[in-house]
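Dropping model_36.cif in here (mmCIF, C-alpha atoms; chains and numbers go by the auth columns):
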data_protein
#
loop_
_atom_site.group_PDB
_atom_site.id
_atom_site.type_symbol
_atom_site.label_atom_id
_atom_site.label_comp_id
_atom_site.label_asym_id
_atom_site.label_seq_id
_atom_site.Cartn_x
_atom_site.Cartn_y
_atom_site.Cartn_z
_atom_site.B_iso_or_equiv
_atom_site.auth_seq_id
_atom_site.auth_asym_id
ATOM 1 C CA MET A 1 -4.105 13.983 13.192 0.00 25 H
ATOM 2 C CA ASN A 2 -2.911 14.787 9.700 0.00 26 H
ATOM 3 C CA THR A 3 -5.969 14.396 7.477 0.00 27 H
ATOM 4 C CA VAL A 4 -3.902 14.471 4.272 0.00 28 H
ATOM 5 C CA ALA A 5 -1.867 11.457 5.397 0.00 29 H
ATOM 6 C CA LEU A 6 -5.022 9.690 6.499 0.00 30 H
ATOM 7 C CA ASN A 7 -6.744 10.345 3.159 0.00 31 H
ATOM 8 C CA LYS A 8 -3.706 9.037 1.257 0.00 32 H
ATOM 9 C CA PHE A 9 -3.778 5.895 3.407 0.00 33 H
ATOM 10 C CA VAL A 10 -7.474 5.335 2.670 0.00 34 H
ATOM 11 C CA GLU A 11 -6.906 5.865 -1.067 0.00 35 H
ATOM 12 C CA ALA A 12 -4.010 3.396 -1.075 0.00 36 H
ATOM 13 C CA HIS A 13 -6.036 0.854 0.889 0.00 37 H
ATOM 14 C CA ASP A 14 -9.015 1.201 -1.454 0.00 38 H
ATOM 15 C CA ARG A 15 -6.701 0.735 -4.457 0.00 39 H
ATOM 16 C CA TYR A 16 -5.270 -2.410 -2.832 0.00 40 H
ATOM 17 C CA LEU A 17 -8.755 -3.842 -2.222 0.00 41 H
ATOM 18 C CA GLU A 18 -9.849 -3.087 -5.794 0.00 42 H
ATOM 19 C CA LEU A 19 -6.777 -4.810 -7.221 0.00 43 H
ATOM 20 C CA ASP A 20 -7.407 -7.811 -4.998 0.00 44 H
ATOM 21 C CA ARG A 21 -10.966 -7.997 -6.342 0.00 45 H
ATOM 22 C CA VAL A 22 -9.769 -7.713 -9.956 0.00 46 H
ATOM 23 C CA ARG A 23 -7.159 -10.444 -9.385 0.00 47 H
ATOM 24 C CA VAL A 24 -9.735 -13.235 -9.700 0.00 48 H
ATOM 25 C CA GLU A 25 -10.986 -11.907 -13.052 0.00 49 H
ATOM 26 C CA CYS A 26 -7.643 -12.227 -14.907 0.00 50 H
ATOM 27 C CA GLN A 27 -7.844 -14.041 -18.236 0.00 51 H
ATOM 28 C CA ASN A 28 -4.203 -15.025 -18.876 0.00 52 H
ATOM 29 C CA ALA A 29 -0.847 -15.408 -17.175 0.00 53 H
ATOM 30 C CA ALA A 30 0.551 -12.057 -18.308 0.00 54 H
ATOM 31 C CA GLN A 31 -2.470 -10.213 -16.962 0.00 55 H
ATOM 32 C CA ARG A 32 -2.268 -12.139 -13.657 0.00 56 H
ATOM 33 C CA GLU A 33 1.403 -11.259 -13.328 0.00 57 H
ATOM 34 C CA SER A 34 0.857 -7.539 -13.918 0.00 58 H
ATOM 35 C CA VAL A 35 -2.039 -7.464 -11.443 0.00 59 H
ATOM 36 C CA HIS A 36 0.054 -9.353 -8.895 0.00 60 H
ATOM 37 C CA ILE A 37 2.863 -6.793 -9.225 0.00 61 H
ATOM 38 C CA ALA A 38 0.362 -3.950 -8.843 0.00 62 H
ATOM 39 C CA ILE A 39 -1.047 -5.635 -5.709 0.00 63 H
ATOM 40 C CA LEU A 40 2.438 -5.873 -4.198 0.00 64 H
ATOM 41 C CA LYS A 41 3.115 -2.202 -4.951 0.00 65 H
ATOM 42 C CA ALA A 42 -0.225 -1.204 -3.454 0.00 66 H
ATOM 43 C CA TYR A 43 0.494 -3.297 -0.361 0.00 67 H
ATOM 44 C CA LEU A 44 3.836 -1.550 0.110 0.00 68 H
ATOM 45 C CA GLU A 45 2.176 1.834 -0.265 0.00 69 H
ATOM 46 C CA VAL A 46 -0.440 0.912 2.355 0.00 70 H
ATOM 47 C CA GLN A 47 2.348 -0.100 4.753 0.00 71 H
ATOM 48 C CA TYR A 48 4.258 3.107 4.009 0.00 72 H
ATOM 49 C CA ARG A 49 1.204 5.283 4.660 0.00 73 H
ATOM 50 C CA ALA A 50 0.353 3.369 7.851 0.00 74 H
ATOM 51 C CA ASN A 51 3.877 3.893 9.153 0.00 75 H
ATOM 52 C CA GLN A 52 3.638 7.608 8.342 0.00 76 H
ATOM 53 C CA ILE A 53 0.409 7.888 10.297 0.00 77 H
ATOM 54 C CA THR A 54 1.695 6.011 13.326 0.00 78 H
ATOM 55 C CA GLY A 55 4.978 7.915 13.326 0.00 79 H
ATOM 56 C CA LEU A 56 7.358 4.976 13.039 0.00 80 H
ATOM 57 C CA GLN A 57 9.897 6.832 10.921 0.00 81 H
ATOM 58 C CA PHE A 58 13.306 7.978 12.109 0.00 82 H
ATOM 59 C CA ALA A 59 14.032 11.689 12.449 0.00 83 H
ATOM 60 C CA ASP A 60 16.468 11.754 9.498 0.00 84 H
ATOM 61 C CA GLY A 61 13.917 10.734 6.886 0.00 85 H
ATOM 62 C CA MET A 62 11.478 8.051 5.981 0.00 86 H
ATOM 63 C CA ASP A 63 13.580 5.059 7.087 0.00 87 H
ATOM 64 C CA PHE A 64 11.058 3.181 9.158 0.00 88 H
ATOM 65 C CA ALA A 65 11.857 1.674 12.523 0.00 89 H
ATOM 66 C CA GLU A 66 11.423 -2.054 12.831 0.00 90 H
ATOM 67 C CA ALA A 67 8.618 -3.194 15.092 0.00 91 H
ATOM 68 C CA ASN A 68 10.311 -5.269 17.728 0.00 92 H
#
Spell out the structure here as structure tokens.
Amino acid sequence: MNTVALNKFVEAHDRYLELDRVRVECQNAAQRESVHIAILKAYLEVQYRANQITGLQFADGMDFAEAN
């Protein structure tokens, strides 16, 4: 297994969990919105890294196959 891909997945997942923890400590609406956007980006990165690890990409690039 590719340890670099696995390490990047773990880093992305840890970042997602940290942002989720910080989410409840927001003081105003603008801060909540920016944290929410960061959480969504982190979530997408976690999904991207998970798909890389499991090999669900097509041969022509990183267009991921749909789980059906």
What's the 10 Å shell around Ala36 of chain H, counting only C-alpha atoms, without same-chain residues fewer than 3 positions away, as a PyMOL selection string? chain H and resi 30-33+39-42+65-74
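What separates atom CA of Ile61 of chain H from atom CA of Asp38 of chain H is a distance of 16.3 Å.
Our summary of the geometry notes that atom CA of Ile63 of chain H is positioned 13.1 Å from atom CA of Cys50 of chain H.
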Interatomic distance, atom CA of Glu35 of chain H to atom CA of Ile77 of chain H (Å, one decimal): 13.7 Å
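You can rank H:Leu64, H:Ala29, H:Val59, H:Val34 by their closest distance to Val46 of chain H using only C-alpha atoms, and at the top of that list sits H:Val59.
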